[in-house]
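Asks: Got a structure for you, questions after.
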Amino acid sequence: MRQPLYSLHPRDLSPHVLAMVGLPARGKTSIARKITRYLSWLGHPTRVFNVGNYRRNLLGAHHPANFFDPQNREARRTLDEMAMAALDDLLAWLGGGGEVAIFDATNSTRARRQIVSERCRDKGYPVVFIESICGDEAIVETNVRETKLRSPDYEGVDASEAVRDFRARIAHYARAYETVTDLESSYIKIIDVGRQLMLNRIHGYVPARLVPLLMNMHVAPRPIWLTRHGESIFNQQGLLGGDADLSPHGEAYARNLAAFIRGRARELGEASGMPGEPAWIPDDVVVWTSSLRRTMQTSRPLTQRSISWRALDEIDAGVCEGMTYDEIRLKMPHVFEARSADKFRYRYPRGESYEDVIQRLDPLIIELERQRSPMLVIAHQAVLRALYAYLMDKPPHTCPSLPIPLHTVIELIPTAYGCEERRFQLGPEVQSVGEAAIAHP
Ligand code: F6P
């Protein structure tokens with residue numbers, strides 16, 4: 001029987017609307033973006049419609065706090081119009097094949113939520129409200145300083161004046177704020193960034209995927225280092241997969257890596273903490289490897305204990321394991337051509353596709369989100385492409401050509417709206433035979 005070219009996933013979802021609820025500076029946009037990144041990575045077209053952007057695009061950026069006063073009828077009408085323009089576009093996008101649309105606004109009154117619910121219901125789209133409630137003043141303060149002061153709303157405005165104005169804006173919204181009630185709608189309430197999660201009438205695939213993500217989301221800054229194992233004997237020969245040992249070059253990389261992580265963890269821990277009280281020390285680094293020898297051997301010189309996950313094993317090349325790319329081209333030209341035509345979805349006979357790799361990494365992503373310590377992930381080219389695509393919010397179909405060279409540490413530091421990236425090449429550059437040709441066609 002012919003191997004199916006495309007794998008089966010719970011795709012083709014009926015459209016869903018997620019509508020954010022909360023006062024300004026409660027992390028709504030950050031949550032909306034994290035949901036978008038996660039669902040898009042899992043293969044579900046997801047898009048955020050941010051009402052603040054509609055206001056800035058249509059009316060310009062600078063509106064003083066009194067523009068947001070619920071008693072200011074003129075301004076209220078304009079803001080409602082902006083919200084409806086965003087909702088029109090959202091519904092049109094879902095009508096055109098989108099799966100999950102996120103309506104990113106304060107939606108802080110029952111009247112507004114009723115309009116949103118009715119308009120979505122008319123189209124047959126279920127709505128879940130995602131309310132972020134935060135009573136922790138320190139978190140709100142950090143949010144204001146890290147995101148709002150960088151917003152175009154306050155470009156060129158003195159920082160203390162901007163904070164004062166933004167606090168006045170929050171106070172205006174607070175006067176009219178009504179929390180979502182049980183009778184009103186389905187909801188997920190996130191209290192103090194995941195300290196508590198409350199669910200009401202949550203059914204179906206999309207909301208069920210979101211709960212573990214939202215439960216484990218946090219704002220503690222910490223680095224995530226991604227690296228391939230050191231060069232293996234198979235890398236030297238250009239052979240795919242297998243379970244080979246490290247080459248002498250690979251052993252040297254493992255030693256360099258241990259020294260690098262120790263120094264870098266110390267440096268960043270000190271920079272993030274208080275004087276004399278680092279945010280973390282090198283021994284706090286959580287190390288993950290795959291279950292294959294080359295990643296475990298790479299972790300050996302590290303002083304931290306490592307955890308090995310089968311989910312981190314390299315893409316299974318099925319009948320092509322142990323072959324070179326040239327051999328596949330000559331002996332199985334149909335495989336070579338089909339994979340080159342759609343490297344993301346092509347599943348090796350009796351092996352895996354990149355799409356399959358993403359599905360098996362899903363539980364690990366939740367675990368990675370949960371961890372608050374710095375993390376070092378020692379894995380393989382295809383698996384790291386998939387992890388990197390998630391963390392850097394790259395479209396999943398671009399995974400197969402993302403550059404993840406050997407002997408390079410990719411440092412990613414999550415921020416409110418993404419990740420900061422740095423790359424460190426440790427020791428001489430090494431490239432496995434034949435890799436460049438297929439990785440960057
Ligand atoms: O060549 C090293 C390797 O990790 C192989 O084991 C694996 O099959 C390959 O990279 C994945 O990269 P690509 O998807 O570009 O073939």
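Residue numbering restarts at 1 in every chain; chains get A, B, ... in the order shown in the structure tokens, and ligands count up from 1 in that same order.
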So which residues touch Ser160 of chain A within 12 Å, counting only C-alpha atoms, skipping near sequence neighbours fewer than 5 positions away, as an mmCIF file with C-alpha atoms, in the first residue's frame?
Replies:
```cif
data_model
loop_
_atom_site.group_PDB
_atom_site.id
_atom_site.type_symbol
_atom_site.label_atom_id
_atom_site.label_comp_id
_atom_site.auth_asym_id
_atom_site.auth_seq_id
_atom_site.Cartn_x
_atom_site.Cartn_y
_atom_site.Cartn_z
ATOM 1 C CA VAL A 144 3.218 49.288 32.267
ATOM 2 C CA ARG A 145 6.949 49.940 32.211
ATOM 3 C CA LYS A 148 3.131 50.517 27.562
ATOM 4 C CA LEU A 149 6.045 52.931 27.745
ATOM 5 C CA TYR A 154 3.700 57.330 24.437
ATOM 6 C CA ASP A 165 -1.296 59.133 32.234
ATOM 7 C CA PHE A 166 -1.532 55.372 31.789
ATOM 8 C CA ARG A 167 -2.560 54.903 35.420
#
```
Asks: Within 10 Å of ligand 1, counting only C-alpha atoms and all ligand atoms, which protein or nucleic acid residues do you find, written as a VMD selection string?
Replies: chain A and resid 228 to 229 231 to 232 234 to 243 313 to 318 320 to 325 339 to 340 343 to 344 348 352 to 354 379 to 385 399 to 406 431 to 441
Asks: Mind the document's chain letters and residue numbers, and return as a list in words the residues of segment 234-292 of chain A that DSSP labels alpha helix (DSSP H).
Replies: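 Of segment 234-292 of chain A, the ones in alpha helix (DSSP H) are Phe234, Asn235, Gln236, Gln237, Pro248, His249, Gly250, Glu251, Ala252, Tyr253, Ala254, Arg255, Asn256, Leu257, Ala258, Ala259, Phe260, Ile261, Arg262, Gly263, Arg264, Ala265, Arg266, Glu267, Leu268, Gly269, Glu270, Ala271 and Ser272 of chain A.
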Asks: Using N, CA, C and O atoms, can you write the selected residues to a file as a compact mmCIF listing (two decimals), in the first residue's frame?
Replies:
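Written file, out17.txt:
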```txt
# COMPACT_ATOMS: atom_id res chain seq x y z
N PHE A 234 28.29 9.79 12.61
CA PHE A 234 27.36 9.83 11.47
C PHE A 234 27.41 11.20 10.78
O PHE A 234 27.33 11.27 9.56
N ASN A 235 27.51 12.28 11.56
CA ASN A 235 27.60 13.62 10.95
C ASN A 235 28.81 13.68 10.02
O ASN A 235 28.74 14.20 8.92
N GLN A 236 29.94 13.12 10.50
CA GLN A 236 31.17 13.17 9.70
C GLN A 236 30.98 12.48 8.35
O GLN A 236 31.55 12.88 7.36
N GLN A 237 30.14 11.42 8.38
CA GLN A 237 29.96 10.64 7.15
C GLN A 237 28.72 11.08 6.37
O GLN A 237 28.40 10.50 5.33
N PRO A 248 35.72 13.06 17.92
CA PRO A 248 36.58 13.86 18.80
C PRO A 248 36.20 15.35 18.77
O PRO A 248 36.20 16.02 19.80
N HIS A 249 35.80 15.86 17.58
CA HIS A 249 35.32 17.25 17.53
C HIS A 249 34.10 17.46 18.43
O HIS A 249 33.95 18.49 19.09
N GLY A 250 33.22 16.46 18.36
CA GLY A 250 31.99 16.52 19.15
C GLY A 250 32.29 16.51 20.65
O GLY A 250 31.65 17.22 21.43
N GLU A 251 33.28 15.68 21.04
CA GLU A 251 33.68 15.62 22.46
C GLU A 251 34.20 16.99 22.90
O GLU A 251 33.91 17.46 24.01
N ALA A 252 34.98 17.62 22.02
CA ALA A 252 35.55 18.93 22.37
C ALA A 252 34.42 19.95 22.53
O ALA A 252 34.43 20.78 23.44
N TYR A 253 33.40 19.87 21.65
CA TYR A 253 32.27 20.80 21.76
C TYR A 253 31.56 20.60 23.10
O TYR A 253 31.17 21.57 23.76
N ALA A 254 31.40 19.33 23.52
CA ALA A 254 30.71 19.06 24.78
C ALA A 254 31.43 19.77 25.94
O ALA A 254 30.80 20.36 26.82
N ARG A 255 32.76 19.75 25.90
CA ARG A 255 33.53 20.41 26.98
C ARG A 255 33.35 21.93 26.88
O ARG A 255 33.13 22.61 27.89
N ASN A 256 33.42 22.46 25.66
CA ASN A 256 33.23 23.91 25.48
C ASN A 256 31.85 24.34 25.96
O ASN A 256 31.68 25.41 26.56
N LEU A 257 30.87 23.49 25.65
CA LEU A 257 29.49 23.82 26.01
C LEU A 257 29.34 23.93 27.53
O LEU A 257 28.73 24.87 28.05
N ALA A 258 29.92 22.95 28.24
CA ALA A 258 29.80 22.96 29.71
C ALA A 258 30.40 24.24 30.28
O ALA A 258 29.79 24.89 31.16
N ALA A 259 31.57 24.63 29.76
CA ALA A 259 32.22 25.85 30.28
C ALA A 259 31.38 27.08 29.91
O ALA A 259 31.19 28.00 30.73
N PHE A 260 30.85 27.09 28.70
CA PHE A 260 30.06 28.24 28.25
C PHE A 260 28.81 28.41 29.12
O PHE A 260 28.50 29.51 29.60
N ILE A 261 28.09 27.32 29.35
CA ILE A 261 26.82 27.41 30.10
C ILE A 261 27.09 27.89 31.53
O ILE A 261 26.37 28.73 32.06
N ARG A 262 28.14 27.36 32.12
CA ARG A 262 28.47 27.77 33.49
C ARG A 262 28.70 29.28 33.54
O ARG A 262 28.12 29.99 34.36
N GLY A 263 29.52 29.79 32.61
CA GLY A 263 29.86 31.21 32.62
C GLY A 263 28.67 32.07 32.26
O GLY A 263 28.39 33.08 32.92
N ARG A 264 27.93 31.68 31.26
CA ARG A 264 26.80 32.50 30.78
C ARG A 264 25.67 32.50 31.82
O ARG A 264 25.02 33.54 32.04
N ALA A 265 25.42 31.34 32.45
CA ALA A 265 24.35 31.27 33.45
C ALA A 265 24.71 32.19 34.62
O ALA A 265 23.86 32.92 35.14
N ARG A 266 25.99 32.20 34.99
CA ARG A 266 26.42 33.06 36.10
C ARG A 266 26.23 34.53 35.71
O ARG A 266 25.63 35.30 36.46
N GLU A 267 26.69 34.86 34.51
CA GLU A 267 26.63 36.26 34.03
C GLU A 267 25.18 36.76 33.98
O GLU A 267 24.86 37.82 34.54
N LEU A 268 24.28 35.97 33.38
CA LEU A 268 22.89 36.42 33.24
C LEU A 268 22.16 36.40 34.59
O LEU A 268 21.33 37.26 34.86
N GLY A 269 22.49 35.40 35.42
CA GLY A 269 21.86 35.31 36.75
C GLY A 269 22.19 36.53 37.58
O GLY A 269 21.34 37.10 38.26
N GLU A 270 23.46 36.96 37.50
CA GLU A 270 23.87 38.15 38.27
C GLU A 270 23.21 39.41 37.71
O GLU A 270 22.74 40.26 38.44
N ALA A 271 23.13 39.48 36.36
CA ALA A 271 22.55 40.68 35.74
C ALA A 271 21.05 40.78 36.05
O ALA A 271 20.51 41.88 36.13
N SER A 272 20.37 39.64 36.24
CA SER A 272 18.92 39.69 36.47
C SER A 272 18.55 39.81 37.93
O SER A 272 17.40 40.04 38.25
```
Asks: Mind pulling up the distance from atom CA of Phe68 of chain A to atom CA of Asp182 of chain A?
Replies: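 Computing it gives 27.4 Å between the two atoms.
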Asks: Could you check the closest approach to Met20 of chain A for each of A:Asp245, A:Glu131, A:Asp88, A:Asp80 and tell me which residue wins, using only C-alpha atoms?
Replies: A:Glu131
Asks: Given only C-alpha atoms as the basis, pick out the residue of A:Met392, A:Leu58, A:Val206, A:Met84 nearest to Arg422 of chain A.
Replies: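 Nearest candidate to Arg422 of chain A out of A:Met392, A:Leu58, A:Val206, A:Met84: A:Met392.
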Asks: Determine the nearest neighbour of Pro212 of chain A from the options A:Arg370, A:Arg76, A:Arg350, A:Arg305, counting only C-alpha atoms.
Replies: A:Arg370
Asks: To one decimal in Å, tell me the separation between atom CA of Asn53 of chain A and atom CA of Met82 of chain A.
Replies: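 Distance reported for this atom pair: 9.2 Å.
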Asks: So that I can check the surroundings of Val21 of chain A, please list as a count of residues only every protein, DNA and RNA residue that reaches within 7 Å of it, counting only C-alpha atoms and ignoring chain neighbours fewer than 4 positions away.
Replies: 8
Asks: When distances are computed from only C-alpha atoms, which of A:Ala25, A:Leu368, A:Val17, A:Ile133 shows the smallest separation from Trp225 of chain A?
Replies: A:Leu368
Asks: Could you check which of A:Leu391, A:Val100, A:Val163, A:Ile358 is closest to Ile413 of chain A, using only C-alpha atoms?
Replies: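 Closest residue, counting only C-alpha atoms: A:Leu391.
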Asks: Report, in Å to a single decimal, how far apart atom CA of Ala174 of chain A and atom CA of Asn72 of chain A are.
Replies: 14.7 Å
